[in-house]
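Asks: Next comes data-v9.cif, mmCIF, C-alpha atoms:
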data_coords
#
loop_
_atom_site.label_atom_id
_atom_site.label_comp_id
_atom_site.auth_asym_id
_atom_site.auth_seq_id
_atom_site.Cartn_x
_atom_site.Cartn_y
_atom_site.Cartn_z
CA MET G 6 72.98 141.75 157.81
CA TYR G 7 74.76 140.33 154.72
CA ALA G 8 74.75 141.28 151.08
CA GLY G 9 71.62 139.85 149.40
CA PRO G 10 72.93 136.64 147.81
CA VAL G 11 74.87 135.65 150.95
CA GLN G 12 71.76 136.12 153.10
CA ASP G 13 69.70 134.10 150.60
CA LEU G 14 72.20 131.28 150.70
CA ILE G 15 72.30 131.26 154.51
CA GLU G 16 68.50 131.06 154.56
CA GLU G 17 68.36 128.21 152.06
CA LEU G 18 71.03 126.28 153.95
CA GLY G 19 69.22 126.91 157.23
CA ARG G 20 66.18 125.07 155.85
CA LEU G 21 68.13 121.82 155.58
CA PRO G 22 67.57 119.27 158.34
CA GLY G 23 70.12 119.47 161.13
CA VAL G 24 71.55 122.76 159.89
CA GLY G 25 70.99 125.57 162.40
CA PRO G 26 71.57 129.28 161.74
CA LYS G 27 75.21 129.10 162.91
CA SER G 28 76.08 126.12 160.70
CA ALA G 29 74.25 127.71 157.78
CA GLN G 30 76.44 130.78 158.14
CA ARG G 31 79.56 128.67 158.47
CA ILE G 32 78.72 126.63 155.37
CA ALA G 33 77.84 129.77 153.39
CA PHE G 34 81.21 131.36 154.13
CA HIS G 35 82.92 128.10 153.35
CA LEU G 36 81.23 128.10 149.94
CA LEU G 37 82.23 131.72 149.43
CA LYS G 38 85.87 130.86 150.02
CA LEU G 39 85.84 127.74 147.87
CA PRO G 40 87.12 127.85 144.28
CA LYS G 41 84.14 128.60 142.07
CA GLN G 42 84.06 125.22 140.31
CA ASP G 43 83.99 123.35 143.65
CA ALA G 44 81.01 125.32 144.92
CA LEU G 45 79.19 124.97 141.61
CA ARG G 46 79.69 121.21 141.80
CA LEU G 47 77.38 121.20 144.82
CA ALA G 48 74.78 123.28 142.99
CA ARG G 49 75.00 120.90 140.05
CA ALA G 50 74.69 117.81 142.27
CA VAL G 51 71.44 119.18 143.72
CA THR G 52 70.11 119.99 140.26
CA GLU G 53 71.14 116.59 138.86
CA VAL G 54 69.39 114.73 141.65
CA LYS G 55 66.18 116.63 141.06
CA GLU G 56 66.33 116.15 137.29
CA ARG G 57 67.50 112.57 137.07
CA VAL G 58 66.41 110.73 140.19
CA THR G 59 62.86 109.49 140.47
CA LEU G 60 61.12 106.84 142.54
CA CYS G 61 61.12 103.23 141.37
CA THR G 62 57.67 102.52 139.98
CA ARG G 63 57.67 99.13 141.65
CA CYS G 64 59.17 99.54 145.13
CA PHE G 65 59.50 103.36 145.51
CA ASN G 66 63.20 103.24 146.20
CA VAL G 67 65.20 106.03 144.54
CA ALA G 68 65.95 105.16 140.93
CA GLU G 69 67.39 106.50 137.75
CA GLY G 70 64.85 105.52 135.15
CA ASP G 71 61.83 103.33 135.66
CA GLU G 72 62.95 100.74 138.20
CA CYS G 73 65.64 100.82 140.88
CA GLY G 74 68.84 98.82 141.00
CA VAL G 75 67.37 96.19 143.34
CA CYS G 76 64.20 95.66 141.30
CA VAL G 77 66.05 95.20 138.00
CA ASP G 78 68.58 92.82 139.56
CA SER G 79 67.43 89.35 138.53
CA ARG G 80 69.76 87.70 141.05
CA ARG G 81 67.64 88.97 143.95
CA GLU G 82 65.45 86.39 145.65
CA SER G 83 61.82 86.81 144.73
CA GLY G 84 58.94 85.92 146.99
CA VAL G 85 60.22 87.95 149.97
CA LEU G 86 59.60 91.64 150.54
CA CYS G 87 61.30 93.78 153.14
CA VAL G 88 59.06 96.75 153.93
CA VAL G 89 60.91 99.91 154.99
CA GLU G 90 59.92 103.52 155.60
CA GLU G 91 62.51 105.33 153.49
CA PRO G 92 64.99 104.58 150.69
CA ARG G 93 67.89 105.17 153.09
CA ASP G 94 66.65 102.21 155.17
CA ILE G 95 67.34 99.97 152.18
CA VAL G 96 70.99 100.95 152.35
CA ALA G 97 71.07 100.11 156.06
CA VAL G 98 69.61 96.64 155.39
CA GLU G 99 71.89 96.07 152.39
CA LYS G 100 74.94 96.78 154.53
CA THR G 101 74.12 93.79 156.75
CA HIS G 102 74.49 91.38 153.77
CA GLU G 103 71.78 89.33 155.53
CA TYR G 104 69.03 89.91 153.03
CA ARG G 105 68.81 88.93 149.38
CA GLY G 106 65.14 89.65 148.63
CA ARG G 107 63.39 92.72 147.31
CA TYR G 108 62.08 95.83 149.07
CA HIS G 109 59.03 97.99 149.33
CA VAL G 110 59.43 101.60 150.49
CA LEU G 111 56.36 103.01 152.24
CA GLN G 112 57.64 106.58 151.89
CA GLY G 113 56.93 107.29 155.54
CA ALA G 114 55.18 105.83 158.57
CA ILE G 115 51.74 106.20 160.08
CA SER G 116 51.69 109.34 162.20
CA PRO G 117 48.30 110.75 163.25
CA ILE G 118 49.98 113.90 164.59
CA GLU G 119 51.41 114.71 161.17
CA GLY G 120 48.21 113.58 159.46
CA ILE G 121 49.87 110.61 157.80
CA GLY G 122 47.62 107.56 157.54
CA PRO G 123 47.90 104.41 155.42
CA ASP G 124 46.45 106.31 152.44
CA GLN G 125 49.44 108.66 152.40
CA LEU G 126 51.83 105.68 152.31
CA LYS G 127 52.55 103.20 149.52
CA VAL G 128 50.34 100.54 151.14
CA ARG G 129 47.97 100.05 148.23
CA GLU G 130 50.98 99.59 145.99
CA LEU G 131 52.36 96.98 148.41
CA LEU G 132 49.13 94.98 148.30
CA ALA G 133 49.14 95.12 144.51
CA ARG G 134 52.58 93.47 144.38
CA LEU G 135 51.76 90.44 146.53
CA GLU G 136 49.99 88.31 143.95
CA PRO G 137 51.91 89.04 140.70
CA GLU G 138 55.25 88.65 142.50
CA GLU G 139 54.09 85.57 144.42
CA ILE G 140 55.20 86.99 147.75
CA SER G 141 55.23 84.44 150.58
CA GLU G 142 56.92 86.50 153.32
CA VAL G 143 56.76 90.16 154.24
CA ILE G 144 59.40 91.41 156.67
CA LEU G 145 58.21 94.53 158.49
CA CYS G 146 61.36 96.58 158.78
CA THR G 147 59.94 99.93 159.89
CA ASN G 148 61.68 101.86 162.68
CA PRO G 149 61.29 100.58 166.26
CA ASN G 150 59.66 103.86 167.36
CA ILE G 151 56.01 104.80 167.90
CA GLU G 152 55.26 105.56 164.23
CA GLY G 153 57.18 102.56 162.93
CA GLU G 154 55.55 100.18 165.40
CA ALA G 155 52.08 101.50 164.58
CA THR G 156 52.81 101.04 160.89
CA ALA G 157 54.10 97.48 161.44
CA MET G 158 51.05 96.63 163.53
CA TYR G 159 48.71 98.02 160.89
CA LEU G 160 50.42 96.11 158.08
CA ALA G 161 50.54 92.87 160.10
CA ARG G 162 46.77 93.03 160.64
CA LEU G 163 46.25 93.75 156.97
CA LEU G 164 48.59 91.07 155.60
CA ARG G 165 48.16 88.12 157.96
CA PRO G 166 44.60 87.31 156.81
CA LEU G 167 45.98 86.95 153.26
CA GLY G 168 47.86 83.81 154.31
CA LEU G 169 51.32 85.38 154.17
CA LYS G 170 54.15 84.90 156.61
CA VAL G 171 54.52 88.31 158.26
CA THR G 172 57.62 88.93 160.37
CA ARG G 173 58.98 91.87 162.31
CA ILE G 174 62.65 92.69 162.93
CA ALA G 175 63.79 92.02 166.49
CA SER G 176 64.10 94.73 169.13
CA GLY G 177 66.71 94.32 171.82
CA LEU G 178 70.08 95.47 173.03
CA PRO G 179 72.43 96.75 170.36
CA VAL G 180 75.49 94.58 169.78
CA GLY G 181 78.38 95.92 171.82
CA GLY G 182 75.92 97.70 174.10
CA ASP G 183 75.85 97.70 177.86
CA LEU G 184 73.00 96.36 180.02
CA GLU G 185 73.62 99.12 182.50
CA TYR G 186 72.90 101.85 179.96
CA ALA G 187 69.95 100.21 178.21
CA ASP G 188 66.61 101.95 178.68
CA GLU G 189 63.92 99.83 180.32
CA LEU G 190 61.79 99.58 177.18
CA THR G 191 64.64 98.16 175.12
CA LEU G 192 65.69 95.81 177.89
CA GLY G 193 62.06 94.72 178.29
CA ARG G 194 61.88 93.95 174.58
CA ALA G 195 65.16 92.09 174.76
CA LEU G 196 63.75 89.90 177.54
CA GLU G 197 60.47 89.40 175.73
CA GLY G 198 62.30 88.35 172.56
CA ARG G 199 64.73 86.00 174.33
CA ARG G 200 65.70 82.87 172.47
CA GLU G 201 66.84 79.49 173.67
CA VAL G 202 70.61 79.13 173.60
CA GLU G 203 71.70 76.30 171.38
CA ALA G 204 74.23 74.06 173.06
CA MET L 3 75.27 102.02 147.31
CA TYR L 4 72.98 104.65 145.82
CA ALA L 5 72.06 105.57 142.27
CA GLY L 6 74.82 107.78 140.80
CA PRO L 7 73.41 111.29 141.26
CA VAL L 8 72.31 110.56 144.85
CA GLN L 9 75.79 109.33 145.73
CA ASP L 10 77.34 112.38 144.07
CA LEU L 11 75.10 114.68 146.07
CA ILE L 12 75.90 112.89 149.35
CA GLU L 13 79.61 113.27 148.59
CA GLU L 14 79.33 116.96 147.77
CA LEU L 15 77.31 117.61 150.93
CA GLY L 16 79.79 115.61 152.99
CA ARG L 17 82.52 118.06 151.97
CA LEU L 18 80.77 120.94 153.75
CA PRO L 19 82.12 121.91 157.17
CA GLY L 20 80.28 120.25 160.05
CA VAL L 21 78.40 117.86 157.76
CA GLY L 22 79.35 114.24 158.43
CA PRO L 23 78.39 111.25 156.26
CA LYS L 24 75.15 110.63 158.17
CA SER L 25 73.99 114.25 157.93
CA ALA L 26 74.99 114.35 154.27
CA GLN L 27 72.74 111.35 153.64
CA ARG L 28 69.92 112.88 155.64
CA ILE L 29 70.15 116.17 153.78
CA ALA L 30 70.35 114.41 150.41
CA PHE L 31 67.15 112.47 151.07
CA HIS L 32 65.51 115.60 152.36
CA LEU L 33 66.36 117.32 149.07
CA LEU L 34 65.05 114.31 147.16
CA LYS L 35 61.71 114.58 148.92
CA LEU L 36 61.44 118.35 148.55
CA PRO L 37 59.35 119.87 145.74
CA LYS L 38 61.68 120.44 142.80
CA GLN L 39 61.57 124.25 142.89
CA ASP L 40 62.51 124.31 146.59
CA ALA L 41 65.57 122.16 146.05
CA LEU L 42 66.60 124.12 142.98
CA ARG L 43 66.38 127.33 145.04
CA LEU L 44 69.33 126.03 147.06
CA ALA L 45 71.30 125.21 143.91
CA ARG L 46 70.54 128.69 142.60
CA ALA L 47 71.54 130.36 145.87
CA VAL L 48 74.94 128.67 145.70
CA THR L 49 75.39 129.68 142.07
CA GLU L 50 74.26 133.27 142.73
CA VAL L 51 76.71 133.69 145.58
CA LYS L 52 79.58 132.50 143.43
CA GLU L 53 78.59 134.69 140.48
CA ARG L 54 77.61 137.88 142.27
CA VAL L 55 79.48 138.09 145.54
CA THR L 56 83.07 139.31 145.58
CA LEU L 57 85.36 140.78 148.19
CA CYS L 58 85.25 144.51 148.93
CA THR L 59 88.32 146.05 147.30
CA ARG L 60 88.86 148.27 150.34
CA CYS L 61 88.20 146.11 153.43
CA PHE L 62 87.80 142.55 152.02
CA ASN L 63 84.36 142.08 153.50
CA VAL L 64 81.91 140.26 151.20
CA ALA L 65 80.39 142.68 148.72
CA GLU L 66 78.19 142.90 145.70
CA GLY L 67 80.12 145.16 143.39
CA ASP L 68 83.26 147.09 144.20
CA GLU L 69 82.87 148.08 147.83
CA CYS L 70 80.88 146.52 150.68
CA GLY L 71 77.88 147.99 152.49
CA VAL L 72 79.97 149.30 155.37
CA CYS L 73 82.60 150.96 153.18
CA VAL L 74 80.07 152.80 151.03
CA ASP L 75 78.08 153.97 154.08
CA SER L 76 79.13 157.59 154.60
CA ARG L 77 77.52 157.67 158.06
CA ARG L 78 80.19 155.34 159.43
CA GLU L 79 82.83 156.93 161.61
CA SER L 80 86.11 157.28 159.80
CA GLY L 81 89.49 157.19 161.48
CA VAL L 82 88.85 153.91 163.33
CA LEU L 83 89.42 150.44 161.91
CA CYS L 84 88.25 147.21 163.48
CA VAL L 85 90.49 144.39 162.21
CA VAL L 86 88.79 140.98 162.02
CA GLU L 87 89.73 137.60 160.59
CA GLU L 88 86.63 136.83 158.53
CA PRO L 89 83.62 138.64 157.07
CA ARG L 90 81.32 136.78 159.48
CA ASP L 91 83.13 138.45 162.38
CA ILE L 92 81.87 141.80 161.08
CA VAL L 93 78.32 140.60 161.58
CA ALA L 94 79.15 139.56 165.14
CA VAL L 95 80.57 143.02 165.91
CA GLU L 96 77.69 144.80 164.15
CA LYS L 97 75.18 142.94 166.33
CA THR L 98 76.66 144.54 169.45
CA HIS L 99 75.71 148.04 168.18
CA GLU L 100 78.84 149.20 170.02
CA TYR L 101 80.92 150.09 167.00
CA ARG L 102 80.33 152.70 164.33
CA GLY L 103 83.65 152.70 162.51
CA ARG L 104 84.92 150.75 159.53
CA TYR L 105 86.47 147.31 159.23
CA HIS L 106 89.39 145.49 157.73
CA VAL L 107 89.12 141.76 157.07
CA LEU L 108 92.43 139.91 157.18
CA GLN L 109 90.93 136.82 155.47
CA GLY L 110 92.42 134.52 158.06
CA ALA L 111 94.88 134.49 160.93
CA ILE L 112 98.58 133.70 161.28
CA SER L 113 98.96 129.93 161.54
CA PRO L 114 102.42 128.45 161.00
CA ILE L 115 100.92 124.92 161.01
CA GLU L 116 98.71 125.74 158.04
CA GLY L 117 101.48 127.74 156.43
CA ILE L 118 99.66 131.05 156.80
CA GLY L 119 101.93 133.98 157.53
CA PRO L 120 101.33 137.74 157.31
CA ASP L 121 101.95 137.60 153.55
CA GLN L 122 98.91 135.37 153.07
CA LEU L 123 96.71 137.84 154.95
CA LYS L 124 95.49 141.29 153.93
CA VAL L 125 98.13 143.00 156.07
CA ARG L 126 99.78 144.99 153.30
CA GLU L 127 96.35 146.26 152.30
CA LEU L 128 95.69 147.29 155.93
CA LEU L 129 98.90 149.32 156.06
CA ALA L 130 98.00 150.99 152.78
CA ARG L 131 94.71 152.26 154.23
CA LEU L 132 96.15 153.95 157.33
CA GLU L 133 97.36 157.16 155.78
CA PRO L 134 94.71 157.95 153.11
CA GLU L 135 91.89 157.19 155.56
CA GLU L 136 93.62 159.06 158.41
CA ILE L 137 93.25 156.16 160.81
CA SER L 138 93.97 157.06 164.43
CA GLU L 139 92.88 153.82 166.15
CA VAL L 140 93.09 150.17 165.12
CA ILE L 141 91.03 147.73 167.19
CA LEU L 142 92.47 144.22 166.97
CA CYS L 143 89.38 142.06 166.95
CA THR L 144 90.86 138.69 165.96
CA ASN L 145 89.72 135.55 167.78
CA PRO L 146 90.98 135.00 171.34
CA ASN L 147 92.68 131.73 170.35
CA ILE L 148 96.30 130.92 169.54
CA GLU L 149 96.14 132.03 165.90
CA GLY L 150 94.10 135.15 166.65
CA GLU L 151 96.37 136.16 169.51
CA ALA L 152 99.49 135.64 167.40
CA THR L 153 97.95 137.77 164.67
CA ALA L 154 97.00 140.51 167.12
CA MET L 155 100.48 140.48 168.62
CA TYR L 156 102.08 140.69 165.18
CA LEU L 157 99.86 143.58 164.11
CA ALA L 158 100.36 145.44 167.39
CA ARG L 159 104.14 145.32 166.93
CA LEU L 160 103.75 146.49 163.36
CA LEU L 161 101.30 149.31 164.02
CA ARG L 162 102.39 150.82 167.34
CA PRO L 163 105.63 152.35 165.96
CA LEU L 164 103.47 154.24 163.44
CA GLY L 165 102.04 156.34 166.26
CA LEU L 166 98.57 154.83 166.16
CA LYS L 167 96.39 153.85 169.08
CA VAL L 168 96.27 150.05 168.93
CA THR L 169 93.72 148.27 171.12
CA ARG L 170 92.73 144.65 171.66
CA ILE L 171 89.26 143.42 172.63
CA ALA L 172 88.99 142.19 176.23
CA SER L 173 89.18 138.54 177.21
CA GLY L 174 87.25 137.42 180.28
CA LEU L 175 84.21 135.61 181.51
CA PRO L 176 81.24 135.61 179.13
CA VAL L 177 78.24 137.58 180.37
CA GLY L 178 75.82 135.21 182.08
CA GLY L 179 78.65 132.73 182.60
CA ASP L 180 79.57 130.91 185.75
CA LEU L 181 82.90 131.24 187.59
CA GLU L 182 82.75 127.58 188.48
CA TYR L 183 82.72 126.49 184.85
CA ALA L 184 85.25 128.97 183.52
CA ASP L 185 88.53 127.47 182.35
CA GLU L 186 91.62 128.72 184.15
CA LEU L 187 92.99 130.59 181.15
CA THR L 188 89.81 132.62 180.74
CA LEU L 189 89.56 133.29 184.45
CA GLY L 190 93.22 134.27 184.49
CA ARG L 191 92.57 136.75 181.70
CA ALA L 192 89.51 138.07 183.50
CA LEU L 193 91.63 138.75 186.59
CA GLU L 194 94.44 140.28 184.56
CA GLY L 195 91.99 142.59 182.82
CA ARG L 196 90.13 143.61 185.98
CA ARG L 197 88.90 147.19 186.15
CA GLU L 198 88.22 149.48 189.05
CA VAL L 199 84.56 149.58 190.01
CA GLU L 200 83.11 153.02 189.72
CA ALA L 201 81.17 154.03 192.80
#
Could you render the structure as structure tokens?
Replies:
Amino acid sequence: MYAGPVQDLIEELGRLPGVGPKSAQRIAFHLLKLPKQDALRLARAVTEVKERVTLCTRCFNVAEGDECGVCVDSRRESGVLCVVEEPRDIVAVEKTHEYRGRYHVLQGAISPIEGIGPDQLKVRELLARLEPEEISEVILCTNPNIEGEATAMYLARLLRPLGLKVTRIASGLPVGGDLEYADELTLGRALEGRREVEA
Amino acid sequence: MYAGPVQDLIEELGRLPGVGPKSAQRIAFHLLKLPKQDALRLARAVTEVKERVTLCTRCFNVAEGDECGVCVDSRRESGVLCVVEEPRDIVAVEKTHEYRGRYHVLQGAISPIEGIGPDQLKVRELLARLEPEEISEVILCTNPNIEGEATAMYLARLLRPLGLKVTRIASGLPVGGDLEYADELTLGRALEGRREVEA
């Protein structure tokens, strides 16, 4: 339908997550209209990321160089690990300002349907960190969905026998949420996880 | 929050139309996970488009080289011009298989709010084509919104005195649509544009 390079660009954009054929076309024409240097800045940003960003050899967060910003930061509490699925989850936790320890990124979650088992995740690497880093608590911070729960369950069974404190983030109603609109699973979890009100 | 190049990429992606901060982050991490050559294909596609694609010197459609695919196609009907706002509108019209003539892309629509008047559009270039190409009909195929209607109105007033047939695409209910859900403006237009049913 379009001249070759335009069609190629639309196809490449359409492969991105959350970008359907219509948005791909819209973005492509936006890039066509943009001053050349602005469009090339995007191309360069993609290239830069692929050339310069690697995974932290310790926690598998994104990093420039050997270790990530959290791992090299000596002010971070040691002895606690927060286990997440993806690097972006680290940013979500960091934004809470509630956690000062280090992380471990599994690079996914257990999902039999997609053929992802513990061997495809950074589980072995997690186990290898426990002793040298003298970890006393592991916080399982995987997503509260089927895959994340299965992963948390698996890790809890694996880690508890090692004499570690293993905790899981709470499920419940989101702050500012409405009982009326909560699904029954979430509300059930909220009831299950109820805590005594301090006077 | 992120290592430099990741943040840069998220910012560049966030500038694209329809891509909010969350999607930008999602796309950035998708690109990080992708095999390097796949991600670089996107960067290359952007670069290619900016280096190779220009505007057709005759109709201002996107083109590789001097004239676009429609303009160089001698099988297209001459004498009729379909005036659209953007190159992507050509694709929309082409998909109908109802039109065999040539196009003229205005590169926008009249919008006083954005400071776009006839001088910012390819109107002069449209007028210059009428005589040499012996145009007898101009179909005003701008969007049926305020800007598109204003543009169509402006062009109609400009072109009619030249003795041309000037037509405007019909407004009305979309095929497969539902009277109940039609807004009153569209339904009003559908009534206004009613046609006698042939027995």
Asks: Expand the PyMOL selection byres ((chain L) within 8 of (chain G)) into the explicit residue set it covers here, and present it as a ChimeraX atom specification.
Replies: /L:3-5,7-8,10-11,14-15,18-20,25,27-29,31-34,38,41-52,54-55,64-66,71,90,93
Asks: Hey, what comes out of the PyMOL selection byres ((chain G and resi 87) around 6) on this file? Could you write it as a ChimeraX atom specification?
Replies: /G:86,88,108,143-144
Asks: Applying the PyMOL selection byres ((chain G and resi 174-183) around 10) to the file I just gave you, which residues come out? Please list them as a list in words.
Replies: Cys87, Ile144, Leu145, Cys146, Thr147, Asn148, Pro149, Ala157, Thr172, Arg173, Leu184, Glu185, Tyr186, Ala187, Asp188, Leu190, Thr191, Leu192, Gly193, Arg194, Ala195, Leu196, Glu197, Gly198 and Arg199 of chain G
Asks: Interatomic distance between CA of Gly120 (chain G) and CA of Glu154 (chain G)?
Replies: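 Computing it gives 16.4 Å between the two atoms.
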Asks: Between CA of Leu123 (chain L) and CA of Gly110 (chain L), what is the spacing in Å?
Replies: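 Taking CA of Gly110 (chain L) as the start and CA of Leu123 (chain L) as the end point, the length is 6.3 Å.
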